[in-house]
Amino acid sequence: MATMTMIQALRSAMDVMLERDDNVVIYGEDVGYFGGVFRCTEGLQQKYGSSRVFDAPISESGIVGTAVGMGAYGLRPVVEIQFADYFYPATDQIVSEVARLRYRSAGEFIAPLTIRMPCGGGIYGGQTHSQSPEAFFTHVCGLRTVMPSNPYDAKGLLIAAIECDDPVIFLEPKRLYNGPFDGHHDRPVTPWSKHPLGEVPEGHYTAPLDSAAVYRPGTQLTVLTYGTMVFVAEAAALESGVDAEIIDLRSLWPLDLDTIVNSVKKTGRCAVVHEATRTGGFGAELVALVQEHCFYHLEAPIERVTGWDTPYPHAQEWAYFPGPRRVAEGFKRAMERK
Amino acid sequence: MATMTMIQALRSAMDVMLERDDNVVIYGEDVGYFGGVFRCTEGLQQKYGSSRVFDAPISESGIVGTAVGMGAYGLRPVVEIQFADYFYPATDQIVSEVARLRYRSAGEFIAPLTIRMPCGGGIYGGQTHSQSPEAFFTHVCGLRTVMPSNPYDAKGLLIAAIECDDPVIFLEPKRLYNGPFDGHHDRPVTPWSKHPLGEVPEGHYTAPLDSAAVYRPGTQLTVLTYGTMVFVAEAAALESGVDAEIIDLRSLWPLDLDTIVNSVKKTGRCAVVHEATRTGGFGAELVALVQEHCFYHLEAPIERVTGWDTPYPHAQEWAYFPGPRRVAEGFKRAMERK
Amino acid sequence: MSQDAPAPLRLHVPEPTGRPGQHTDFSYLHLSPAGAVRRPPIDTQPVDTSDLAFALIRVLDDDGNAVGPWVPELTPEQLRFGLRAMLKTRLFDARMLIAQRQKKLSFYMQCLGEEAIAVAHALALEPGDMNFPTYRQQGLLMAREVPLVELMCQLFSNERDPMKGRQLPVLYSYRKYDFFSISGNLATQMPQAVGWGMASAIKGDTKIASGWIGDGSTAEADFHTALTFAHVYRAPVIINVVNNQWAISTFEAIAGGEGTTFAARGIGAGIASLRVDGNDFLAVYAASRWAADRARSNLGPTLIEWVTYRAGAHSTSDDPTKYRPADDWEHFPLGDPVARLKQHLIKLGEWSEEQHAATQQALEAEIAAAQKEAESYGSLADGHVHSAASMFEDVYKDMPAHLLRQRQELGV
Amino acid sequence: MSQDAPAPLRLHVPEPTGRPGQHTDFSYLHLSPAGAVRRPPIDTQPVDTSDLAFALIRVLDDDGNAVGPWVPELTPEQLRFGLRAMLKTRLFDARMLIAQRQKKLSFYMQCLGEEAIAVAHALALEPGDMNFPTYRQQGLLMAREVPLVELMCQLFSNERDPMKGRQLPVLYSYRKYDFFSISGNLATQMPQAVGWGMASAIKGDTKIASGWIGDGSTAEADFHTALTFAHVYRAPVIINVVNNQWAISTFEAIAGGEGTTFAARGIGAGIASLRVDGNDFLAVYAASRWAADRARSNLGPTLIEWVTYRAGAHSTSDDPTKYRPADDWEHFPLGDPVARLKQHLIKLGEWSEEQHAATQQALEAEIAAAQKEAESYGSLADGHVHSAASMFEDVYKDMPAHLLRQRQELGV
Ligand SMILES: Cc1ncc(C[n+]2csc(CCOP(=O)(O)OP(=O)(O)O)c2C)c(N)n1
Ligand SMILES: Cc1ncc(C[n+]2csc(CCOP(=O)(O)OP(=O)(O)O)c2C)c(N)n1
Ligand SMILES: [Mg+2]
Ligand SMILES: [Mg+2]
């Protein structure tokens, strides 16, 4: 099997789907001739022509809004928001239209869109190239929100998203594009070609849109996380000596609650780790669900290790980012209390 | 003291502030000559002239965006979003600009805005006149989010919001405009003139922007709620026989955590009640905080009674709305488990 | 004041020319005489339509004659069909307003005075062309002869409401009648219409899209977005701006109508643009046809501003006498679209007062019968609505576990 | 194909006239000769500026003469000051690009080729007028002689960064130099500029606002929003569209430049609009002054499209040879703004090659000295940045309890 970076895996997913399904179209800012600022769509316009893969005006609401119309016509648009930090102008289209179209039309019209967005920090991108806005989407009924953490899942989930009749917000942790970054920013990152999850089939396959993966089995503590934080949590587990069971959620919503509940009932302890701002983050929902479903099994309060409730600063990036040290401390707190 | 409806109290707050501070300006859709679709600003244009109180184009992003510029100049704009369901076009201005201006300019520029929006259901308004989007705001650092539940607080909090140098999202539970609706939609509502909290001073006063109110003291169960649900919770307490301590949060964020923690430590049980969609709602954050700070005092899982994870339907309004029966059931669940 | 100290600035806040108790001065509309405006070929360059965006295309003169280059080819049958559809729209609206006052409907929005626009436009489109309407284009449905009982079931929110009770009255969706689901959020449908047209072009189809927006709502960002995308990709779409002078209590100048026109927004954006008498059935048909032919010939989008007047209240929640002269419509210089087409048909010798009265009576009977049937299926007031269980459907294609749990929690 | 079956539709996707390995055909720019475009009085009606939105106002001809009705009144001192500020901008950019390659800055954005626009505009404004810039108007700061060391401390994200390390390099904020905090989100500053102007009008002040946006970003909704509010309230504001032909890899036609102009967007919106040679220092000053006088005289907003070329990469993360001819700028018909003003001054007998070289040398020394000082205060690379504790400040006016707790959790 070939190894691919996450960029290559995503590109391969789009290539496969453009090939298989005439109704798939791809557009967004700079994605056409140039192939996107992260080069995710490189070569696709040349291969499929400029009415299947094209550049869009800098208008996120227009990109999503026109995609709703295309979806109503019968196409399956896969659109790119250049950075997740720039989805805000499209909020009304996403919340009021994409998410509710099937419901309000009693199924007459659907919005089978895939909205890709690179998210997360760790690249010195400052306030507007580092955000993790997943909680805005998970609060909106009608949307599916997905975040892969490796090339294999990235391709399989992206194909599943494109084939899915529900709208999917597809968040790509950009710090993982080239390798499994574990938060040790002062060390070189292993490339995906050296990681088992960098092995990716060339052709069509899917990863399930509603199931979590136990990334690392463990006995002492259940860690609920996703995206870049999967690898940071792994480093923190090693460094803290806590035998953590790390669950890579993959699909944030709808959520694979069974896998979570089974694990917490086993370990009796839980930590939630994400890059996003803490208050009202998706971690809050995870905590609420775990305490609801595992209350009598919990031996200590559920820990949240997250980005701080400040904008994402530029120069203080590593004080903001929940790196291995902070995550390990969180694990220890979750273990100590009883 | 005069009695006022919530509309009159809000109008009185704006009147007081227009009178006291030259820098206060008010605008929004239909708020000028006509005085707003809920008549909140009736008479204010006539009194203060059309360069202090005026109609705006139907552009929520323009309303908020121009207000940011006015704030940077030195004014204190108080703008109205006609229904909270229509704030989405202004999301980028609110999240990326209003909330972060002070931070990103290291205090050189501030956005001392008050953004008023009627919110909540119970008026047969369907999907787009019934929403409770508070969780979108409480996840955004830099914003203050406030929701009064009665005329006295409405006026006091609105004056405090206008005087505050931080931006305030001011959510008005429209079902309470005329009286303390308790969820019994088949019964007439007592007018505010018959309710003690309908007594409102004519002049200037403030209610604190960072403190909750114990609306009803109780011993068995702490109920965290706000807006219309304060009165529904009261009805549910009476009807269920649970001696609930009902905390009216008033300020959702920043939050008065001390009042909450003290109460839960006393009762050992907690229920969170809101109209908004459950998943990722502000209730999730409340649950996360309570389990973090009161874990060893909790005798049962924290209950969430909320709107369902569906759009707000029109014909099934009372199946969607968390009315006294459902809230009472939630209280009983919170009491039964141990 | 010296030259060095400029005079203080002032905020300009536009006002209508008439408020309650006054008479509106409608000269702000800048009308052109019937027949006076040129009709360019459909392959004209957008920038060359500049004059048409500031003039007013009219066909019917004050005496009911069809004059000038925009006179469309319409048979007397088509004209009679149009008149009937307009009348049906108006009578239906009137009936539903009464039903709303009787609390049989929770809410209603009429299109009184604007009937010609949607009806004539619908006749100029082909089946399969898709409309992306607002809440004031019920004429599109009447022109397509949608069963009235179905419409009323939606309005009554009853057990047969095709929208399953999820939408406010009037927020219809009718895929089979080329009518996209109406949103409660203004302007969002405009980029969607453009996207639908783009999709048709991507697939090499021959269908076009038609998007609808009110004067007030052009201030929303999505209007601009729609213009940009329509222009850039030369999308086969018609962008209809219905300028009925008001947006709830807000005069069109607050949306930016002062000193310019809404049609003119198209010119700068590179879109062919027309300003048309929306109360003139023939002009509406002719301009719609011109735009549809243009779009279908791969020549790109057209923006049309339809000048009309919202004769009724904004909705059943509104009282327009609070903010404008109560008798404004009587003085509106473009008159009543139904009366004008009727006059024209009579002039042609193809219609009579008697036929008109008979048609009106027949329509009233049809509507009354439909209402009786629709009421037999219940209403929001009597609780014969779709089940609470159905509320959890269609959020996703398949119901996820958390919604199943919530449905159980509700006990339904 | 028969008349009944129309030809299939096609999606039009605009392309630039040159890609790597080709030569761009710049005739798409539709230039006017220097001096050829009329200069109306400042109280002209917006709709009457239509021709000016499609033409190109130019003052400097190919030989360096100032010709036509737009020749501004500028003293040789002012011209020399402008030339020096442009040169300073260019040299500063060049130096910071090198520093970025040396990893002393995390990121940089230059304005090569666009220096005349910000510099001449700044000279046409009064102190206290407020700019709402993008990331490519450093010329505004250079024209106001902001201390270079301070700018560099922001760029190095060091302990003296006035933005406390919170913002990417180049996202300056300088209230005292009338320079609003730059946002990383495109277009948001435009309605803000309009709001600032409205505030000035509400207070009866005499200050005006000037908002800045790129060609690509005009597609964002907030551009439309700004036009609407500026027009409706006749706000004292200048709306500057810097059309440098590119938005990262995207040609201006994808933002809607094909077959129309960005200036033309203003006309339909009821705003006086000019299209101006942005590489012509004199034209920029003259047009800016016209717009500023208009705004300050309560005559409302002006939109100006500045036609220029982004000679460098979009940012230090970009490689333009991937999507456009590498030698494009050399063929750009409006030339180099620095060279053109220099030629004019020499022609006037007010400048020489020697003076130019000496000025350049002096500026280089000044910049090098500033860099040395700024580097002594540290950089992101060496970790001499604002404290982690400071990260929790300025989220609110006073630090709320939850941020105090989080700061404690971090242990700082
Ligand atoms: C985003 C949004 N903002 C505000 C509203 C409230 N609203 C509903 S209709 C309306 C007026 C629209 O006026 P116009 O576009 O002129 O259409 P008309 O009603 O005249 O047909 C307003 C402000 C809304 N539905 N959506
Ligand atoms: C809302 C938003 N969308 C996308 C981006 C990413 N982005 C940054 S600069 C840029 C291009 C802007 O081009 P233009 O407006 O022409 O300005 P120029 O860079 O040419 O000066 C893009 C797409 C952003 N910063 N904000
Ligand atoms: Mg209107
Ligand atoms: Mg550009």
# chains A, B, ... in the order shown; residues from 1 in each chain; ligands from 1
call {"tool": "select_by_dssp", "arguments": {"residues": "region 295-326 of chain D", "states": "strand (DSSP E or B)", "output": "PyMOL selection string"}}
result
chain D and resi 302-307
call {"tool": "interface_residues", "arguments": {"of": "chain D", "to": "chain C", "cutoff": "8 Å", "atoms": "only C-alpha atoms", "output": "ChimeraX atom specification"}}
result
/D:6-14,47,198,200-206,219-222,224-225,228-229,231-236,253-256,258-270,296-298
call {"tool": "residues_near_ligand", "arguments": {"ligand": "ligand 1", "cutoff": "6 Å", "atoms": "only C-alpha atoms and all ligand atoms", "output": "number ranges by chain"}}
result
B: 58, 86; C: 136, 184-186, 213-217, 244, 246-248, 314
call {"tool": "residues_around", "arguments": {"residues": "region 78-80 of chain B", "least_positions_apart": "6", "cutoff": "7 Å", "atoms": "only C-alpha atoms", "output": "list of chain:residue names"}}
result
B:Val25, B:Ile26, B:Tyr27, B:Gly28, B:Leu113, B:Thr114, B:Ile115, B:Arg116, B:Met117
call {"tool": "atom_distance", "arguments": {"atom1": "CA of Arg250 (chain B)", "atom2": "CA of Ala135 (chain B)"}}
result
14.3 Å
call {"tool": "closest_atom_pairs", "arguments": {"of": "chain B", "to": "ligand 2", "cutoff": "12 Å", "atoms": "only C-alpha atoms and all ligand atoms", "output": "tab-separated table"}}
result
residue	atom	partner	partner_atom_place_in_ligand_line	distance
B:Thr91	CA	ligand 2	1 (C)	11.6
B:Asp92	CA	ligand 2	1 (C)	8.2
B:Gln93	CA	ligand 2	1 (C)	10.6
B:Val95	CA	ligand 2	1 (C)	12.0
B:Ser96	CA	ligand 2	1 (C)	9.6
B:Glu97	CA	ligand 2	1 (C)	11.7
call {"tool": "write_last_selection", "arguments": {"atoms": "N, CA and C atoms", "output": "mmCIF file, in the first residue's frame"}}
result
data_model
loop_
_atom_site.group_PDB
_atom_site.id
_atom_site.type_symbol
_atom_site.label_atom_id
_atom_site.label_comp_id
_atom_site.auth_asym_id
_atom_site.auth_seq_id
_atom_site.Cartn_x
_atom_site.Cartn_y
_atom_site.Cartn_z
ATOM 1 N N THR B 91 -22.372 37.317 12.395
ATOM 2 C CA THR B 91 -21.462 36.488 13.184
ATOM 3 C C THR B 91 -20.007 36.923 13.054
ATOM 4 N N ASP B 92 -19.562 37.168 11.820
ATOM 5 C CA ASP B 92 -18.152 37.521 11.642
ATOM 6 C C ASP B 92 -17.842 38.811 12.390
ATOM 7 N N GLN B 93 -18.710 39.807 12.267
ATOM 8 C CA GLN B 93 -18.467 41.062 12.988
ATOM 9 C C GLN B 93 -18.474 40.822 14.498
ATOM 10 N N VAL B 95 -17.958 37.871 16.280
ATOM 11 C CA VAL B 95 -16.915 36.965 16.781
ATOM 12 C C VAL B 95 -15.527 37.510 16.488
ATOM 13 N N SER B 96 -15.306 37.964 15.254
ATOM 14 C CA SER B 96 -13.953 38.338 14.855
ATOM 15 C C SER B 96 -13.626 39.790 15.189
ATOM 16 N N GLU B 97 -14.623 40.606 15.374
ATOM 17 C CA GLU B 97 -14.373 42.033 15.559
ATOM 18 C C GLU B 97 -14.790 42.517 16.945
#
call {"tool": "select_by_dssp", "arguments": {"residues": "region 166-288 of chain B", "states": "alpha helix (DSSP H)", "output": "count of residues only"}}
result
30
call {"tool": "closest_residue", "arguments": {"among": "C:Gly35, C:Gly195, C:Gly312, C:Pro301", "to": "ligand 3", "atoms": "only C-alpha atoms and all ligand atoms"}}
result
C:Gly312
call {"tool": "interface_residues", "arguments": {"of": "chain B", "to": "chain C", "cutoff": "10 Å", "atoms": "only C-alpha atoms", "output": "number ranges by chain"}}
result
B: 29-37, 50-52, 54-62, 85-86, 88-90, 123-129, 278-279, 307-320, 322, 326
call {"tool": "write_last_selection", "arguments": {"atoms": "N, CA and C atoms", "output": "compact mmCIF listing (two decimals), in the first residue's frame"}}
result
# COMPACT_ATOMS: atom_id res chain seq x y z
N GLU B 29 -33.32 47.59 12.63
CA GLU B 29 -34.40 47.51 11.65
C GLU B 29 -35.73 47.93 12.29
N ASP B 30 -36.37 48.91 11.72
CA ASP B 30 -37.69 49.39 12.15
C ASP B 30 -37.70 50.06 13.52
N VAL B 31 -36.56 50.37 14.10
CA VAL B 31 -36.57 50.94 15.46
C VAL B 31 -36.79 52.45 15.49
N GLY B 32 -36.69 53.12 14.33
CA GLY B 32 -36.74 54.58 14.31
C GLY B 32 -38.15 55.13 14.39
N TYR B 33 -38.70 55.55 13.27
CA TYR B 33 -40.02 56.18 13.24
C TYR B 33 -41.08 55.30 13.90
N PHE B 34 -41.05 54.03 13.57
CA PHE B 34 -42.09 53.10 14.03
C PHE B 34 -41.88 52.66 15.48
N GLY B 35 -40.62 52.58 15.89
CA GLY B 35 -40.34 52.20 17.27
C GLY B 35 -40.15 50.72 17.49
N GLY B 36 -39.85 49.97 16.40
CA GLY B 36 -39.50 48.56 16.59
C GLY B 36 -40.68 47.64 16.50
N VAL B 37 -40.47 46.43 16.00
CA VAL B 37 -41.60 45.52 15.83
C VAL B 37 -42.19 45.11 17.19
N SER B 50 -33.50 62.07 14.85
CA SER B 50 -33.17 60.92 14.02
C SER B 50 -31.68 60.73 13.82
N SER B 51 -30.83 61.55 14.42
CA SER B 51 -29.42 61.15 14.37
C SER B 51 -29.00 60.44 15.67
N ARG B 52 -29.94 60.30 16.61
CA ARG B 52 -29.65 59.51 17.81
C ARG B 52 -30.40 58.16 17.76
N PHE B 54 -32.46 55.77 14.93
CA PHE B 54 -32.84 55.73 13.51
C PHE B 54 -32.98 54.31 12.97
N ASP B 55 -33.69 54.26 11.84
CA ASP B 55 -33.88 52.99 11.13
C ASP B 55 -32.60 52.60 10.40
N ALA B 56 -32.38 51.29 10.33
CA ALA B 56 -31.20 50.78 9.62
C ALA B 56 -31.65 49.90 8.46
N PRO B 57 -30.78 49.78 7.46
CA PRO B 57 -31.03 48.80 6.40
C PRO B 57 -31.10 47.39 7.00
N ILE B 58 -31.73 46.49 6.27
CA ILE B 58 -31.83 45.10 6.74
C ILE B 58 -30.50 44.42 6.48
N SER B 59 -29.59 44.63 7.40
CA SER B 59 -28.24 44.08 7.26
C SER B 59 -27.66 44.00 8.66
N GLU B 60 -27.77 42.83 9.24
CA GLU B 60 -27.30 42.67 10.61
C GLU B 60 -25.79 42.87 10.69
N SER B 61 -25.06 42.45 9.65
CA SER B 61 -23.62 42.66 9.67
C SER B 61 -23.30 44.15 9.56
N GLY B 62 -24.11 44.86 8.81
CA GLY B 62 -23.90 46.29 8.70
C GLY B 62 -24.24 47.01 10.00
N ASP B 85 -32.81 35.05 16.03
CA ASP B 85 -32.68 34.14 14.89
C ASP B 85 -31.99 34.80 13.69
N TYR B 86 -31.86 36.12 13.73
CA TYR B 86 -31.30 36.83 12.58
C TYR B 86 -29.92 37.40 12.87
N TYR B 88 -27.22 35.70 12.71
CA TYR B 88 -26.18 34.94 11.99
C TYR B 88 -25.43 35.74 10.93
N PRO B 89 -26.10 36.59 10.14
CA PRO B 89 -25.31 37.36 9.17
C PRO B 89 -24.26 38.26 9.84
N ALA B 90 -24.43 38.53 11.13
CA ALA B 90 -23.48 39.40 11.82
C ALA B 90 -22.41 38.61 12.57
N ILE B 123 -44.18 31.72 21.13
CA ILE B 123 -45.06 32.71 20.49
C ILE B 123 -45.55 32.23 19.13
N TYR B 124 -45.47 30.94 18.86
CA TYR B 124 -45.86 30.40 17.55
C TYR B 124 -45.08 31.06 16.43
N GLY B 125 -43.80 31.26 16.66
CA GLY B 125 -42.98 31.95 15.67
C GLY B 125 -42.25 31.01 14.73
N GLY B 126 -42.33 29.72 15.00
CA GLY B 126 -41.66 28.78 14.10
C GLY B 126 -40.15 28.88 14.19
N GLN B 127 -39.50 28.23 13.21
CA GLN B 127 -38.05 28.07 13.23
C GLN B 127 -37.26 29.36 13.33
N THR B 128 -37.81 30.45 12.80
CA THR B 128 -36.98 31.65 12.68
C THR B 128 -37.48 32.84 13.51
N HIS B 129 -38.31 32.55 14.50
CA HIS B 129 -38.67 33.60 15.46
C HIS B 129 -38.70 33.05 16.88
N ARG B 278 -30.37 21.07 23.06
CA ARG B 278 -29.54 20.54 24.13
C ARG B 278 -28.05 20.45 23.80
N THR B 279 -27.74 19.77 22.68
CA THR B 279 -26.34 19.46 22.41
C THR B 279 -25.51 20.73 22.22
N GLY B 307 -34.72 22.36 25.11
CA GLY B 307 -35.32 22.13 23.81
C GLY B 307 -34.65 20.93 23.16
N TRP B 308 -35.37 20.27 22.26
CA TRP B 308 -34.80 19.09 21.59
C TRP B 308 -33.78 19.50 20.54
N ASP B 309 -33.02 18.51 20.10
CA ASP B 309 -32.03 18.76 19.05
C ASP B 309 -32.66 18.73 17.66
N THR B 310 -33.68 19.54 17.51
CA THR B 310 -34.33 19.69 16.21
C THR B 310 -34.52 21.20 16.01
N PRO B 311 -34.75 21.62 14.78
CA PRO B 311 -35.17 23.02 14.61
C PRO B 311 -36.46 23.25 15.41
N TYR B 312 -36.76 24.47 15.70
CA TYR B 312 -37.95 24.81 16.49
C TYR B 312 -39.16 24.69 15.59
N PRO B 313 -40.00 23.69 15.82
CA PRO B 313 -41.12 23.50 14.88
C PRO B 313 -42.27 24.45 15.18
N HIS B 314 -43.14 24.60 14.20
CA HIS B 314 -44.26 25.52 14.38
C HIS B 314 -45.45 24.83 15.06
N ALA B 315 -45.96 23.78 14.45
CA ALA B 315 -47.20 23.16 14.94
C ALA B 315 -46.97 22.37 16.23
N GLN B 316 -45.74 21.88 16.40
CA GLN B 316 -45.46 21.06 17.59
C GLN B 316 -44.79 21.91 18.68
N GLU B 317 -45.09 23.17 18.70
CA GLU B 317 -44.42 24.08 19.62
C GLU B 317 -44.40 23.58 21.06
N TRP B 318 -45.52 23.09 21.55
CA TRP B 318 -45.57 22.74 22.97
C TRP B 318 -45.00 21.35 23.25
N ALA B 319 -44.75 20.60 22.20
CA ALA B 319 -43.99 19.35 22.39
C ALA B 319 -42.50 19.66 22.41
N TYR B 320 -42.13 20.76 21.77
CA TYR B 320 -40.72 21.16 21.73
C TYR B 320 -40.32 21.93 23.00
N PRO B 322 -39.72 23.20 26.57
CA PRO B 322 -39.63 22.47 27.84
C PRO B 322 -40.58 23.06 28.88
N ARG B 326 -42.51 18.66 31.60
CA ARG B 326 -41.19 18.09 31.34
C ARG B 326 -40.16 18.54 32.36
call {"tool": "residues_around", "arguments": {"residues": "Val284 (chain C)", "least_positions_apart": "6", "cutoff": "9 Å", "atoms": "only C-alpha atoms", "output": "tab-separated table (two decimals) with N, CA and C atoms, in the first residue's frame"}}
result
chain	number	residue	atom	x	y	z
C	57	ILE	N	-39.47	50.35	-17.77
C	57	ILE	CA	-40.08	49.69	-18.92
C	57	ILE	C	-41.57	49.49	-18.65
C	58	ARG	N	-42.41	50.04	-19.55
C	58	ARG	CA	-43.86	49.90	-19.40
C	58	ARG	C	-44.47	49.60	-20.76
C	59	VAL	N	-45.51	48.83	-20.75
C	59	VAL	CA	-46.19	48.47	-21.99
C	59	VAL	C	-47.61	49.03	-22.02
C	116	ALA	N	-49.17	40.80	-10.40
C	116	ALA	CA	-48.73	40.65	-11.79
C	116	ALA	C	-47.33	40.07	-11.87
C	117	ILE	N	-46.51	40.43	-10.91
C	117	ILE	CA	-45.08	40.10	-11.04
C	117	ILE	C	-44.87	38.59	-11.05
C	118	ALA	N	-45.32	37.92	-10.00
C	118	ALA	CA	-45.09	36.48	-9.93
C	118	ALA	C	-45.86	35.74	-11.01
C	119	VAL	N	-47.10	36.16	-11.27
C	119	VAL	CA	-47.93	35.42	-12.23
C	119	VAL	C	-47.35	35.52	-13.63
C	120	ALA	N	-47.05	36.73	-14.10
C	120	ALA	CA	-46.54	36.88	-15.47
C	120	ALA	C	-45.15	36.26	-15.59
C	121	HIS	N	-44.37	36.37	-14.53
C	121	HIS	CA	-43.03	35.77	-14.56
C	121	HIS	C	-43.13	34.25	-14.73
C	124	ALA	N	-43.59	33.18	-18.14
C	124	ALA	CA	-42.44	33.38	-19.03
C	124	ALA	C	-41.36	32.31	-18.83
C	276	VAL	N	-38.58	47.83	-14.27
C	276	VAL	CA	-39.82	47.52	-14.98
C	276	VAL	C	-41.04	47.83	-14.11
C	277	ASP	N	-42.07	48.29	-14.76
C	277	ASP	CA	-43.37	48.50	-14.11
C	277	ASP	C	-43.93	47.15	-13.68
C	278	GLY	N	-43.91	46.89	-12.40
C	278	GLY	CA	-44.33	45.58	-11.90
C	278	GLY	C	-45.84	45.43	-11.84
C	306	TRP	N	-38.58	45.22	-10.12
C	306	TRP	CA	-40.00	45.37	-10.38
C	306	TRP	C	-40.53	46.47	-9.47
call {"tool": "decode", "arguments": {"residues": "region 232-246 of chain D", "atoms": "N, CA and C atoms", "output": "mmCIF file, in the first residue's frame"}}
result
data_model
loop_
_atom_site.group_PDB
_atom_site.id
_atom_site.type_symbol
_atom_site.label_atom_id
_atom_site.label_comp_id
_atom_site.auth_asym_id
_atom_site.auth_seq_id
_atom_site.Cartn_x
_atom_site.Cartn_y
_atom_site.Cartn_z
ATOM 1 N N VAL D 232 -26.712 55.321 2.253
ATOM 2 C CA VAL D 232 -27.972 55.652 2.925
ATOM 3 C C VAL D 232 -27.799 56.863 3.844
ATOM 4 N N TYR D 233 -26.746 56.845 4.648
ATOM 5 C CA TYR D 233 -26.558 57.913 5.643
ATOM 6 C C TYR D 233 -25.629 59.011 5.143
ATOM 7 N N ARG D 234 -25.229 58.925 3.846
ATOM 8 C CA ARG D 234 -24.315 59.902 3.264
ATOM 9 C C ARG D 234 -23.088 60.096 4.166
ATOM 10 N N ALA D 235 -22.493 58.985 4.540
ATOM 11 C CA ALA D 235 -21.400 59.027 5.516
ATOM 12 C C ALA D 235 -20.156 59.689 4.937
ATOM 13 N N PRO D 236 -19.448 60.458 5.758
ATOM 14 C CA PRO D 236 -18.205 61.092 5.307
ATOM 15 C C PRO D 236 -17.076 60.060 5.293
ATOM 16 N N VAL D 237 -16.975 59.330 4.214
ATOM 17 C CA VAL D 237 -16.026 58.232 4.170
ATOM 18 C C VAL D 237 -15.513 58.061 2.740
ATOM 19 N N ILE D 238 -14.268 57.639 2.633
ATOM 20 C CA ILE D 238 -13.697 57.278 1.331
ATOM 21 C C ILE D 238 -13.544 55.763 1.317
ATOM 22 N N ILE D 239 -14.038 55.159 0.266
ATOM 23 C CA ILE D 239 -13.959 53.702 0.145
ATOM 24 C C ILE D 239 -12.918 53.395 -0.921
ATOM 25 N N ASN D 240 -11.763 52.918 -0.469
ATOM 26 C CA ASN D 240 -10.637 52.676 -1.360
ATOM 27 C C ASN D 240 -10.574 51.208 -1.745
ATOM 28 N N VAL D 241 -10.709 50.917 -3.019
ATOM 29 C CA VAL D 241 -10.530 49.548 -3.498
ATOM 30 C C VAL D 241 -9.178 49.486 -4.211
ATOM 31 N N VAL D 242 -8.242 48.774 -3.618
ATOM 32 C CA VAL D 242 -6.925 48.642 -4.231
ATOM 33 C C VAL D 242 -6.956 47.439 -5.163
ATOM 34 N N ASN D 243 -7.096 47.712 -6.438
ATOM 35 C CA ASN D 243 -7.138 46.622 -7.413
ATOM 36 C C ASN D 243 -5.725 46.365 -7.923
ATOM 37 N N ASN D 244 -5.062 45.428 -7.246
ATOM 38 C CA ASN D 244 -3.700 45.063 -7.657
ATOM 39 C C ASN D 244 -3.718 43.796 -8.511
ATOM 40 N N GLN D 245 -4.853 43.501 -9.085
ATOM 41 C CA GLN D 245 -5.061 42.436 -10.084
ATOM 42 C C GLN D 245 -5.092 41.030 -9.499
ATOM 43 N N TRP D 246 -4.609 40.828 -8.284
ATOM 44 C CA TRP D 246 -4.516 39.484 -7.733
ATOM 45 C C TRP D 246 -4.995 39.432 -6.292
#
